[in-house]
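Shown below: model.cif, with mmCIF, C-alpha atoms.
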```
data_work
loop_
_atom_site.label_atom_id
_atom_site.label_comp_id
_atom_site.auth_asym_id
_atom_site.auth_seq_id
_atom_site.Cartn_x
_atom_site.Cartn_y
_atom_site.Cartn_z
CA MET A 183 22.16 88.47 -134.89
CA MET A 184 21.51 85.46 -132.67
CA GLU A 185 19.26 86.15 -129.72
CA GLN A 186 21.06 86.25 -126.41
CA THR A 187 20.21 83.63 -123.79
CA ASP A 188 18.65 84.70 -120.49
CA GLU A 189 21.94 84.03 -118.75
CA GLU A 190 23.87 86.23 -121.21
CA VAL A 191 21.35 89.03 -120.66
CA VAL A 192 21.73 88.68 -116.88
CA ILE A 193 25.52 89.00 -117.23
CA ARG A 194 25.01 92.28 -119.11
CA VAL A 195 22.68 93.56 -116.39
CA GLN A 196 25.21 92.53 -113.73
CA ARG A 197 27.89 94.48 -115.63
CA GLY A 198 25.77 97.63 -115.45
CA ASP A 199 23.65 97.60 -118.65
CA LYS A 200 20.52 98.23 -116.61
CA GLU A 201 18.26 98.68 -119.63
CA PHE A 202 18.81 95.00 -120.50
CA PHE A 203 16.70 94.10 -117.50
CA GLY A 204 13.74 95.10 -119.67
CA VAL A 205 14.55 92.14 -121.96
CA LEU A 206 14.15 89.79 -119.01
CA ILE A 207 10.84 91.43 -118.06
CA ASP A 208 9.63 91.01 -121.64
CA ARG A 209 10.53 87.33 -121.59
CA TYR A 210 9.14 86.46 -118.17
CA GLU A 211 6.29 88.85 -117.41
CA GLU A 212 3.66 86.71 -119.05
CA LYS A 213 4.92 83.47 -117.51
CA ILE A 214 5.21 84.90 -113.99
CA THR A 215 1.80 86.59 -114.26
CA ARG A 216 0.20 83.32 -115.39
CA TYR A 217 1.93 81.48 -112.54
CA ALA A 218 0.69 84.15 -110.09
CA ARG A 219 -2.88 83.94 -111.39
CA LYS A 220 -2.95 80.20 -110.78
CA PHE A 221 -1.13 80.40 -107.46
CA LEU A 222 -3.01 83.40 -106.05
CA SER A 223 -6.28 83.06 -107.91
CA GLN A 224 -8.28 84.75 -105.14
CA TYR A 225 -6.23 87.97 -105.04
CA ASP A 226 -6.80 91.08 -107.11
CA ASP A 227 -3.40 92.74 -106.60
CA ILE A 228 -1.53 90.21 -108.72
CA LYS A 229 0.05 92.93 -110.86
CA ASP A 230 1.68 94.52 -107.81
CA ILE A 231 2.98 91.16 -106.62
CA VAL A 232 4.43 90.36 -110.07
CA GLN A 233 6.05 93.80 -110.17
CA GLU A 234 7.57 93.07 -106.76
CA VAL A 235 8.99 89.80 -108.16
CA PHE A 236 10.87 91.69 -110.89
CA ILE A 237 12.08 94.35 -108.48
CA LYS A 238 13.40 91.64 -106.13
CA ALA A 239 15.06 89.93 -109.10
CA TYR A 240 16.78 93.20 -110.05
CA VAL A 241 17.87 94.04 -106.49
CA ASN A 242 19.36 90.54 -106.04
CA ILE A 243 20.69 90.07 -109.58
CA HIS A 244 24.28 89.71 -108.30
CA SER A 245 23.25 86.62 -106.30
CA PHE A 246 22.46 84.81 -109.56
CA ASP A 247 24.99 82.07 -110.21
CA ARG A 248 26.02 82.38 -113.89
CA ARG A 249 26.64 78.63 -114.14
CA ARG A 250 22.95 77.90 -113.56
CA ARG A 251 19.78 78.63 -115.48
CA PHE A 252 17.94 81.91 -114.98
CA SER A 253 14.42 80.48 -115.30
CA PRO A 254 14.34 78.43 -112.03
CA TRP A 255 16.04 81.34 -110.25
CA VAL A 256 13.33 83.85 -111.17
CA TYR A 257 10.58 81.29 -110.50
CA ARG A 258 12.11 80.74 -107.05
CA ILE A 259 11.84 84.47 -106.33
CA ALA A 260 8.24 84.38 -107.56
CA HIS A 261 7.48 81.33 -105.38
CA ASN A 262 8.86 83.08 -102.28
CA GLU A 263 6.94 86.26 -103.07
CA PHE A 264 3.67 84.36 -103.58
CA VAL A 265 4.13 82.33 -100.42
CA ASN A 266 4.75 85.56 -98.49
CA ALA A 267 1.62 87.08 -100.02
CA LEU A 268 -0.38 84.02 -98.97
CA LYS A 269 1.08 84.08 -95.46
CA LYS A 270 0.12 87.72 -95.06
CA ARG A 271 -3.41 87.40 -96.28
CA SER A 272 -4.54 83.82 -96.04
CA LYS A 273 -5.71 81.70 -93.17
CA GLU A 274 -4.54 78.63 -95.09
CA ARG A 275 -1.54 77.04 -93.45
CA ILE A 276 1.59 77.26 -95.60
CA PHE A 277 3.87 74.31 -95.01
CA SER A 278 7.54 75.01 -94.85
CA PHE A 279 8.34 71.40 -93.97
CA ASP A 280 6.69 68.25 -95.20
CA PHE A 281 7.37 64.62 -94.42
CA ASP A 282 7.35 63.74 -98.11
CA THR A 283 10.68 65.56 -98.39
CA PHE A 284 12.14 63.38 -95.65
CA PHE A 285 11.90 59.85 -96.95
CA ILE A 286 13.26 58.13 -99.99
CA SER A 287 10.43 57.52 -102.43
CA ALA A 288 10.45 55.33 -105.47
CA ALA A 289 11.15 57.32 -108.62
CA GLN A 290 7.91 58.89 -109.77
CA ASP A 291 8.61 59.61 -113.39
CA GLU A 292 5.87 61.39 -115.26
CA MET A 293 8.04 62.17 -118.28
CA VAL A 294 6.79 59.18 -120.24
CA GLU A 295 3.26 60.49 -120.05
CA ASP A 296 1.77 60.83 -123.53
CA VAL A 297 0.68 64.13 -125.01
CA VAL A 298 -3.05 63.26 -124.79
CA SER A 299 -2.82 62.49 -121.10
CA LYS A 300 -0.84 65.70 -120.54
CA ARG A 301 -3.49 67.73 -122.34
CA SER A 302 -6.26 66.21 -120.24
CA VAL A 303 -4.39 67.08 -117.03
CA VAL A 304 -3.94 70.65 -118.28
CA ARG A 305 -7.71 70.84 -118.97
CA MET A 306 -8.52 69.47 -115.51
CA LEU A 307 -6.08 71.94 -113.94
CA GLU A 308 -7.55 74.92 -115.76
CA GLN A 309 -11.00 74.09 -114.42
CA HIS A 310 -10.46 72.60 -110.98
CA LEU A 311 -7.21 74.01 -109.63
CA GLY A 312 -8.97 75.32 -106.54
CA ALA A 313 -9.77 71.74 -105.47
CA LEU A 314 -6.11 71.09 -104.82
CA PRO A 315 -4.24 71.74 -101.57
CA GLN A 316 -1.44 74.29 -101.93
CA LYS A 317 1.47 71.84 -101.83
CA TYR A 318 0.12 69.85 -104.81
CA ARG A 319 -1.11 72.88 -106.72
CA GLU A 320 2.31 74.41 -107.30
CA PRO A 321 4.21 71.46 -108.83
CA LEU A 322 1.25 70.78 -111.13
CA ILE A 323 1.17 74.43 -112.31
CA LEU A 324 4.92 74.45 -112.89
CA TYR A 325 5.03 71.12 -114.69
CA TYR A 326 1.84 71.13 -116.74
CA LEU A 327 1.18 74.82 -117.30
CA GLU A 328 4.66 76.32 -117.25
CA GLY A 329 6.47 73.35 -118.82
CA ILE A 330 9.27 73.27 -116.25
CA ASP A 331 11.06 69.95 -115.76
CA TYR A 332 11.47 67.96 -112.53
CA LYS A 333 14.94 69.16 -111.69
CA GLU A 334 14.02 72.80 -112.14
CA ILE A 335 10.81 72.40 -110.12
CA ALA A 336 13.00 70.90 -107.38
CA ASP A 337 15.15 74.06 -107.60
CA VAL A 338 12.16 76.40 -107.52
CA LEU A 339 10.52 74.71 -104.54
CA GLN A 340 13.80 73.51 -102.98
CA ILE A 341 12.48 70.02 -102.44
CA PRO A 342 13.89 66.61 -103.51
CA ILE A 343 13.40 65.62 -107.15
CA SER A 344 11.61 62.42 -106.06
CA THR A 345 9.18 64.52 -103.99
CA VAL A 346 8.28 66.52 -107.11
CA GLY A 347 7.21 63.24 -108.75
CA VAL A 348 5.26 62.14 -105.67
CA ARG A 349 3.40 65.47 -105.44
CA LEU A 350 2.58 65.44 -109.15
CA ARG A 351 1.14 61.93 -108.92
CA ARG A 352 -0.84 62.63 -105.73
CA GLY A 353 -2.00 65.98 -107.07
CA LYS A 354 -3.36 64.35 -110.21
CA THR A 355 -5.13 61.68 -108.13
CA ILE A 356 -6.75 64.32 -105.89
CA LEU A 357 -7.77 66.31 -108.95
CA GLN A 358 -9.32 63.22 -110.57
CA GLU A 359 -11.18 62.34 -107.35
CA ALA A 360 -12.52 65.90 -107.08
CA ILE A 361 -13.77 65.73 -110.67
CA ASN A 362 -15.37 62.32 -110.09
CA ARG A 363 -17.18 63.66 -107.01
CA LEU A 364 -18.42 66.61 -109.03
CA ASP A 365 -19.70 64.28 -111.79
CA ILE A 366 -21.58 62.16 -109.26
CA SER A 367 -23.20 65.15 -107.58
CA LEU A 368 -24.30 66.50 -110.94
CA MET B 121 -6.41 97.84 -120.24
CA SER B 122 -5.37 95.51 -123.07
CA ASN B 123 -2.83 92.75 -122.47
CA LYS B 124 -0.18 94.62 -124.45
CA GLU B 125 -0.74 97.87 -122.58
CA GLU B 126 -0.66 96.04 -119.26
CA LYS B 127 2.63 94.45 -120.23
CA THR B 128 4.17 97.76 -121.26
CA SER B 129 2.98 99.38 -118.08
CA LEU B 130 4.65 96.82 -115.78
CA ARG B 131 7.88 96.97 -117.78
CA SER B 132 7.97 100.75 -117.80
CA ARG B 133 7.16 100.99 -114.08
CA VAL B 134 10.02 98.66 -113.17
CA ILE B 135 12.51 100.27 -115.57
CA ASP B 136 11.41 103.72 -114.42
CA ALA B 137 12.04 102.74 -110.79
CA ILE B 138 15.49 101.43 -111.78
CA GLU B 139 16.44 104.49 -113.82
CA ASN B 140 15.26 106.92 -111.16
CA ARG B 141 17.31 104.96 -108.62
CA ARG B 142 14.29 104.19 -106.47
CA VAL B 143 15.38 100.56 -106.81
CA MET B 144 19.07 99.73 -106.46
CA MET B 145 21.00 96.56 -107.12
CA ARG B 146 22.64 95.07 -104.06
CA PRO B 147 26.39 95.09 -104.70
CA ARG B 148 28.27 91.86 -105.34
CA TRP B 149 30.18 92.14 -102.06
CA HIS B 150 26.87 91.95 -100.18
CA PHE B 151 26.33 88.42 -101.51
CA VAL B 152 29.99 87.46 -101.07
CA LEU B 153 29.72 88.54 -97.42
CA LEU B 154 26.48 86.62 -97.01
CA PHE B 155 28.11 83.54 -98.53
CA LEU B 156 31.10 83.87 -96.20
CA LEU B 157 28.82 84.25 -93.17
CA ARG B 158 26.86 81.14 -94.14
CA ALA B 159 30.05 79.21 -94.83
CA THR B 160 31.42 80.27 -91.43
CA GLY B 161 28.17 79.18 -89.76
CA LEU B 162 28.43 75.85 -91.53
CA VAL B 163 32.04 75.30 -90.47
CA VAL B 164 31.31 76.34 -86.86
CA ALA B 165 28.27 74.04 -86.66
CA PHE B 166 30.24 71.18 -88.22
CA LEU B 167 33.18 71.62 -85.85
CA GLY B 168 30.80 71.95 -82.89
CA LEU B 169 29.08 68.71 -83.80
CA LEU B 170 32.40 66.97 -84.48
CA TYR B 171 33.67 68.10 -81.07
CA LEU B 172 30.53 66.87 -79.28
CA ILE B 173 30.45 63.49 -81.03
CA SER B 174 34.15 62.90 -80.38
CA PHE B 175 33.71 64.00 -76.76
CA ILE B 176 30.82 61.57 -76.28
CA LEU B 177 32.95 58.76 -77.75
CA PHE B 178 35.85 59.81 -75.53
CA VAL B 179 33.69 59.85 -72.38
CA LEU B 180 32.21 56.44 -73.24
CA ARG B 181 35.62 54.95 -73.94
CA HIS B 182 37.12 56.55 -70.86
CA SER B 183 34.45 55.04 -68.63
CA GLY B 184 34.44 51.70 -70.47
CA LEU B 185 30.75 52.03 -71.36
CA LEU B 186 31.60 51.92 -75.06
CA PHE B 187 32.48 48.22 -74.69
CA THR B 188 29.62 47.02 -72.47
CA PRO B 189 27.30 46.08 -75.39
CA LEU B 190 29.85 43.33 -76.17
CA PHE B 191 28.65 41.59 -72.99
CA GLY B 192 25.04 41.15 -74.10
CA PHE B 193 21.74 42.93 -73.55
CA GLY B 194 22.64 43.83 -69.97
CA GLY B 195 25.65 45.73 -71.28
CA LEU B 196 23.62 47.41 -73.99
CA TYR B 197 21.05 48.47 -71.38
CA ARG B 198 23.84 49.83 -69.17
CA LEU B 199 25.20 51.86 -72.11
CA LEU B 200 21.80 53.34 -72.97
CA PHE B 201 21.02 54.01 -69.31
CA SER B 202 24.32 55.79 -68.67
CA LEU B 203 24.66 57.73 -71.94
CA PRO B 204 25.45 61.43 -71.45
CA TRP B 205 22.01 62.36 -72.77
CA ILE B 206 22.53 66.10 -72.39
CA LEU B 207 25.46 65.86 -74.83
CA VAL B 208 23.37 63.70 -77.14
CA PHE B 209 20.60 66.34 -77.18
CA PHE B 210 23.13 69.11 -77.85
CA SER B 211 24.52 67.03 -80.72
CA LEU B 212 21.01 66.64 -82.14
CA PHE B 213 20.57 70.41 -81.92
CA PHE B 214 23.82 70.98 -83.84
CA LEU B 215 22.77 68.33 -86.37
CA VAL B 216 19.51 70.21 -87.00
CA VAL B 217 21.37 73.55 -87.34
CA LEU B 218 23.82 71.98 -89.78
CA GLU B 219 21.01 70.40 -91.78
CA VAL B 220 19.18 73.75 -92.04
CA LEU B 221 22.38 75.42 -93.29
CA VAL B 222 23.21 72.64 -95.75
CA ARG B 223 19.63 72.46 -97.04
CA ARG B 224 20.10 75.75 -98.91
CA TYR B 225 22.41 74.04 -101.40
CA ALA B 226 21.15 72.12 -104.42
CA PHE B 227 23.19 68.98 -103.64
CA ALA B 228 21.21 68.71 -100.37
CA TYR B 229 17.66 69.83 -101.19
CA ARG B 230 17.45 67.82 -104.42
CA ARG B 231 17.72 64.65 -102.36
CA PRO B 232 15.48 63.40 -99.52
CA LEU B 233 16.23 64.90 -96.13
CA VAL B 234 17.19 61.51 -94.76
CA TYR B 235 20.18 61.38 -97.15
CA SER B 236 21.70 64.66 -96.01
CA ILE B 237 21.04 63.90 -92.33
CA LEU B 238 22.64 60.47 -92.69
CA GLY B 239 25.49 61.98 -94.72
CA ILE B 240 26.24 64.57 -92.03
CA PHE B 241 25.94 61.97 -89.29
CA VAL B 242 28.29 59.49 -90.99
CA LEU B 243 30.80 62.27 -91.72
CA VAL B 244 30.90 63.59 -88.14
CA PHE B 245 30.83 60.09 -86.66
CA LEU B 246 33.84 59.02 -88.73
CA GLY B 247 35.50 62.35 -87.90
CA GLY B 248 34.71 61.75 -84.22
CA ILE B 249 36.34 58.31 -84.36
CA ILE B 250 39.47 59.86 -85.89
CA VAL B 251 39.58 62.64 -83.27
CA VAL B 252 39.16 60.15 -80.44
CA GLN B 253 42.17 58.17 -81.74
CA THR B 254 44.34 61.23 -81.12
CA SER B 255 45.39 62.51 -77.70
CA PHE B 256 43.27 65.68 -78.14
CA HIS B 257 40.64 64.96 -75.47
CA SER B 258 42.96 63.16 -73.07
CA ARG B 259 45.32 66.15 -73.09
CA LEU B 260 42.42 68.51 -72.45
CA LEU B 261 41.28 66.22 -69.64
CA ARG B 262 44.75 66.43 -68.11
CA TYR B 263 44.70 70.24 -68.35
CA ALA B 264 41.25 70.18 -66.76
CA ARG B 265 42.51 68.07 -63.86
CA GLU B 266 45.47 70.38 -63.42
CA GLU B 267 43.06 73.36 -63.38
CA ARG B 268 44.68 74.72 -66.54
CA LEU B 269 41.54 74.64 -68.70
CA PRO B 270 39.42 77.64 -67.69
CA VAL B 271 36.01 77.18 -69.36
CA ALA B 272 35.85 73.61 -70.62
CA GLY B 273 37.63 72.29 -67.52
CA PHE B 274 34.40 71.81 -65.59
CA PHE B 275 32.91 70.08 -68.60
CA TYR B 276 35.73 67.53 -68.72
CA ARG B 277 35.83 66.95 -64.96
CA ALA B 278 32.03 66.54 -64.76
CA PHE B 279 31.70 64.02 -67.56
CA THR B 280 34.72 61.89 -66.69
CA GLY B 281 34.54 62.14 -62.91
CA VAL B 282 31.80 59.60 -62.28
CA GLN B 283 32.37 55.94 -63.06
CA PRO B 284 29.11 54.32 -64.23
CA GLU B 285 27.65 51.59 -62.05
CA HIS B 286 28.71 48.00 -62.81
CA VAL B 287 31.57 49.12 -65.07
CA PHE B 288 35.13 48.94 -63.75
CA ARG B 289 38.38 49.84 -65.40
CA GLY B 290 41.83 48.93 -64.26
CA TYR B 291 45.06 47.22 -65.15
CA VAL B 292 45.81 43.60 -64.33
CA LEU B 293 48.05 43.29 -61.31
CA GLU B 294 47.87 39.60 -60.83
CA LYS B 295 46.18 36.43 -62.01
CA THR B 296 44.49 34.35 -59.32
CA LYS B 297 43.03 30.83 -59.42
CA ASP B 298 39.50 32.17 -59.96
CA GLY B 299 40.20 35.41 -61.76
CA LEU B 300 42.27 38.57 -61.62
CA ILE B 301 43.35 41.33 -59.33
CA ILE B 302 43.04 44.71 -60.96
CA GLU B 303 44.05 48.14 -59.85
CA GLY B 304 41.83 51.04 -60.87
CA SER B 305 42.10 54.79 -60.50
CA ARG B 306 43.39 56.14 -57.19
CA GLY B 307 45.05 52.79 -56.54
CA VAL B 308 41.84 50.92 -55.64
CA ARG B 309 42.36 47.16 -55.96
CA ASP B 310 39.59 44.70 -56.73
CA ALA B 311 39.44 40.93 -57.07
CA ILE B 312 37.64 39.96 -60.27
CA ARG B 313 35.90 36.58 -60.11
CA ILE B 314 35.66 34.84 -63.48
CA THR B 315 32.92 32.19 -63.72
CA PRO B 316 32.00 29.89 -66.64
CA GLN B 317 29.23 32.41 -67.47
CA THR B 318 31.66 35.34 -67.77
CA ARG B 319 31.79 36.61 -71.34
CA LEU B 320 35.27 37.04 -72.74
CA PRO B 321 34.51 38.24 -76.29
CA PHE B 322 38.15 38.50 -77.30
CA GLY B 323 39.55 35.63 -75.23
CA GLY B 324 40.66 35.35 -71.61
CA ASP B 325 44.40 35.52 -72.08
CA PHE B 326 45.23 38.44 -69.79
CA ASP B 327 48.76 39.51 -68.91
CA GLY B 328 50.00 41.71 -66.13
CA GLY B 329 49.77 45.38 -67.12
CA ASP B 330 46.89 44.80 -69.53
CA VAL B 331 44.18 47.42 -69.22
CA VAL B 332 40.77 45.78 -68.89
CA ILE B 333 37.11 46.79 -68.72
CA VAL B 334 35.08 44.65 -66.34
CA PHE B 335 31.30 44.64 -66.48
CA GLY B 336 29.89 42.97 -63.39
CA ASN B 337 28.39 43.14 -59.92
CA ARG B 338 30.19 43.99 -56.74
CA ILE B 339 29.52 41.06 -54.42
CA ALA B 340 31.83 42.16 -51.60
CA THR B 341 33.75 45.32 -50.72
CA THR B 342 36.66 44.41 -52.96
CA THR B 343 35.22 41.56 -55.02
CA ILE B 344 33.46 41.81 -58.35
CA SER B 345 31.68 38.95 -60.09
CA ALA B 346 32.42 39.51 -63.78
CA ILE B 347 29.67 39.30 -66.39
CA GLY B 348 32.19 40.23 -69.06
CA ILE B 349 35.81 41.32 -69.40
CA LYS B 350 37.54 42.93 -72.34
CA LYS B 351 41.13 43.92 -72.79
CA VAL B 352 41.33 47.50 -74.12
CA ALA B 353 44.11 49.69 -75.41
CA ASP B 354 45.97 51.84 -72.91
CA ASP B 355 44.89 54.99 -74.63
CA ARG B 356 45.30 57.64 -71.99
CA ASP B 357 47.58 60.62 -72.28
CA PRO B 358 51.09 59.32 -71.43
CA ASP B 359 51.71 62.47 -69.37
CA ASP B 360 48.57 61.90 -67.32
CA GLY B 361 49.86 60.72 -63.97
CA SER B 362 46.41 60.27 -62.38
CA TRP B 363 46.24 56.57 -63.21
CA SER B 364 49.11 54.88 -64.86
CA PRO B 365 49.47 51.16 -65.28
CA PRO B 366 53.01 49.90 -65.49
CA ARG B 367 54.35 49.59 -69.03
CA ARG B 368 55.20 46.05 -70.06
CA ARG B 369 58.91 46.60 -69.38
CA ASP B 370 58.14 47.73 -65.81
CA ARG B 371 56.11 44.70 -64.80
CA GLY B 372 56.99 43.08 -61.51
CA PRO B 373 58.36 39.56 -61.26
CA PHE B 374 54.94 38.10 -60.40
CA MET B 375 53.60 38.97 -63.80
CA LYS B 376 53.89 36.57 -66.65
#
```
Could you render the structure as structure tokens?
Amino acid sequence: MMEQTDEEVVIRVQRGDKEFFGVLIDRYEEKITRYARKFLSQYDDIKDIVQEVFIKAYVNIHSFDRRRRFSPWVYRIAHNEFVNALKKRSKERIFSFDFDTFFISAAQDEMVEDVVSKRSVVRMLEQHLGALPQKYREPLILYYLEGIDYKEIADVLQIPISTVGVRLRRGKTILQEAINRLDISL
Amino acid sequence: MSNKEEKTSLRSRVIDAIENRRVMMRPRWHFVLLFLLRATGLVVAFLGLLYLISFILFVLRHSGLLFTPLFGFGGLYRLLFSLPWILVFFSLFFLVVLEVLVRRYAFAYRRPLVYSILGIFVLVFLGGIIVVQTSFHSRLLRYAREERLPVAGFFYRAFTGVQPEHVFRGYVLEKTKDGLIIEGSRGVRDAIRITPQTRLPFGGDFDGGDVVIVFGNRIATTTISAIGIKKVADDRDPDDGSWSPPRRRDRGPFMK
């Protein structure tokens, strides 16, 4: 039998087959946990936060629009939950508005990036993620580590698609500068 | 705990909470209601903004200020100086509310903020122009003057009651050798002096009964030196008897 898509599974859950929600947990637990570990690296209650993400997803499952993809929807819930966790416990300022969402920026297309370059960014990210400000950290995690495309990142973060490109490019530059500084000091 | 055990534990905790009804799905109607509330908020904010923009345009046209930029920088300065800024600030507030409500939808947040703000502005501005072409505001103004508009009456009387400085509106009574005689509201007559420097952006061919906007300086009690004159449409409510120029068929014999 062909495996059901996420969206088909959600429809079954919405119709009352509650046990099918377990299928969604199986498919997304690892991804959301990895995302949480990168996003909230300094916290030790990540498991509780991830559990809260799935509970919120279940409680609000009827708000899922069947015409859209499930993945950005659940990542959006995770994003909101992580931001709330940061707001509660961190002194770091969480921006809800940024000027880079206001203006029209030239298309910043990273899609043509070759595999080698992508791998090197992933390596840099794994080692130096903490050097990045919050607003650049998230698009880089979603794009390079979670493999989510521009449009879906825009849906998760609810920012313009062009801003996703801008933040990816600036994030990579900041990361590279941080690594260069580290090399010099060594 | 191994990775597999950890995974099973999270899954079983969530499923256990669901099965024991410690966690309940919100019903579909909850989201339908939420959607309807948001949609209502959006419509109310849009109509509020549309009303304000059309009212600003109406007030500016009523006073003649809308046309003063045609007479050069002095006219533009007069417009900016006399704008109903309180209404402009309220409009900006409604614009922000509308933007916040619209921003929840993918068609808005996937594009830069400037696009949706401009989109909303263009939409309400065009809507405002359409509303101002109708007799909606002039009828409400008439009701306000007749004390038949309980809440908004004050609003209409306050914003249309004061004629801005240097801007005069009236209908042409007579042509004279150096200008015109116009009659404004409450039957006040003024002699308009036209000089070679007077700007007539759409020509100086005025007929009796034409409604004109004069931008200029009062140089004597009943004499105005015109910086610019423009013929405008007689767009007031036909039932409004507060200031009614004669229709073309009613013109006196002295009018050409």
Counting all atoms listed in the file, which residue out of B:Ala272, B:Ala165, B:Val220, B:Leu185 sits closest to chain A?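 Once distances to chain A are computed over all atoms listed in the file, the minimum belongs to B:Val220.
This file, filtered with the PyMOL selection byres ((chain A and resi 262-273) around 9), gives the residues A:Ala218, A:Phe221, A:Leu222, A:Ile231, A:Val232, A:Glu234, A:Val235, A:Lys238, A:Tyr257, A:Arg258, A:Ile259, A:Ala260, A:His261, A:Glu274, A:Arg275, A:Ile276, A:Leu339.
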Could you please give me, as a ChimeraX atom specification, the residues of protein, DNA or RNA lying at most 10 Å from (22.3, 71.3, -105.5) in the coordinate frame of the file, considering all atoms listed in the file? /A:333,336-337,340,342 /B:222-231
When the PyMOL selection byres ((chain A and resi 306-319) around 10) is applied to the file above, which residues end up in the set, as a count of residues only? 39
Using the chain letters and numbers from the file, which residues does the PyMOL selection byres ((chain B and resi 300) around 10) grab, as a compact mmCIF listing (two decimals) with C-alpha atoms, in the frame of the given file?
```
# COMPACT_ATOMS: atom_id res chain seq x y z
CA TYR B 291 45.06 47.22 -65.15
CA VAL B 292 45.81 43.60 -64.33
CA LEU B 293 48.05 43.29 -61.31
CA GLU B 294 47.87 39.60 -60.83
CA LYS B 295 46.18 36.43 -62.01
CA THR B 296 44.49 34.35 -59.32
CA LYS B 297 43.03 30.83 -59.42
CA ASP B 298 39.50 32.17 -59.96
CA GLY B 299 40.20 35.41 -61.76
CA ILE B 301 43.35 41.33 -59.33
CA ILE B 302 43.04 44.71 -60.96
CA GLU B 303 44.05 48.14 -59.85
CA ASP B 310 39.59 44.70 -56.73
CA ALA B 311 39.44 40.93 -57.07
CA ILE B 312 37.64 39.96 -60.27
CA ARG B 313 35.90 36.58 -60.11
CA ILE B 314 35.66 34.84 -63.48
CA PHE B 326 45.23 38.44 -69.79
CA ASP B 327 48.76 39.51 -68.91
CA GLY B 328 50.00 41.71 -66.13
CA ILE B 344 33.46 41.81 -58.35
```
Atomic separation - atom CA of B:Lys351 relative to atom CA of B:Gly184, Å: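 It comes out at 10.5 Å.
Closest to chain A among B:Ile237, B:Val332, B:Val244, B:Leu186 is B:Ile237, based on only C-alpha atoms.
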Could you add whatever atoms are missing so that stretch 346-360 of chain A carries N, CA and C atoms, then write the result as a CSV table (one decimal), in the coordinates of the input?
```
chain,number,residue,atom,x,y,z
A,346,VAL,N,9.0,65.8,-106.0
A,346,VAL,CA,8.3,66.5,-107.1
A,346,VAL,C,7.4,65.5,-107.8
A,347,GLY,N,8.0,64.3,-108.1
A,347,GLY,CA,7.2,63.2,-108.8
A,347,GLY,C,6.0,62.8,-107.9
A,348,VAL,N,6.3,62.6,-106.6
A,348,VAL,CA,5.3,62.1,-105.7
A,348,VAL,C,4.1,63.2,-105.6
A,349,ARG,N,4.5,64.4,-105.5
A,349,ARG,CA,3.4,65.5,-105.4
A,349,ARG,C,2.6,65.6,-106.7
A,350,LEU,N,3.3,65.4,-107.9
A,350,LEU,CA,2.6,65.4,-109.2
A,350,LEU,C,1.6,64.3,-109.2
A,351,ARG,N,2.0,63.1,-108.8
A,351,ARG,CA,1.1,61.9,-108.9
A,351,ARG,C,0.0,62.1,-108.0
A,352,ARG,N,0.2,62.5,-106.7
A,352,ARG,CA,-0.8,62.6,-105.7
A,352,ARG,C,-1.8,63.8,-106.1
A,353,GLY,N,-1.2,64.8,-106.6
A,353,GLY,CA,-2.0,66.0,-107.1
A,353,GLY,C,-3.0,65.6,-108.2
A,354,LYS,N,-2.5,64.8,-109.1
A,354,LYS,CA,-3.4,64.4,-110.2
A,354,LYS,C,-4.5,63.5,-109.7
A,355,THR,N,-4.1,62.6,-108.7
A,355,THR,CA,-5.1,61.7,-108.1
A,355,THR,C,-6.2,62.5,-107.4
A,356,ILE,N,-5.8,63.5,-106.6
A,356,ILE,CA,-6.8,64.3,-105.9
A,356,ILE,C,-7.7,65.1,-106.9
A,357,LEU,N,-7.0,65.6,-107.9
A,357,LEU,CA,-7.8,66.3,-109.0
A,357,LEU,C,-8.8,65.4,-109.6
A,358,GLN,N,-8.4,64.2,-109.9
A,358,GLN,CA,-9.3,63.2,-110.6
A,358,GLN,C,-10.5,62.9,-109.6
A,359,GLU,N,-10.1,62.7,-108.3
A,359,GLU,CA,-11.2,62.3,-107.4
A,359,GLU,C,-12.2,63.5,-107.2
A,360,ALA,N,-11.6,64.7,-107.2
A,360,ALA,CA,-12.5,65.9,-107.1
A,360,ALA,C,-13.5,66.0,-108.3
```
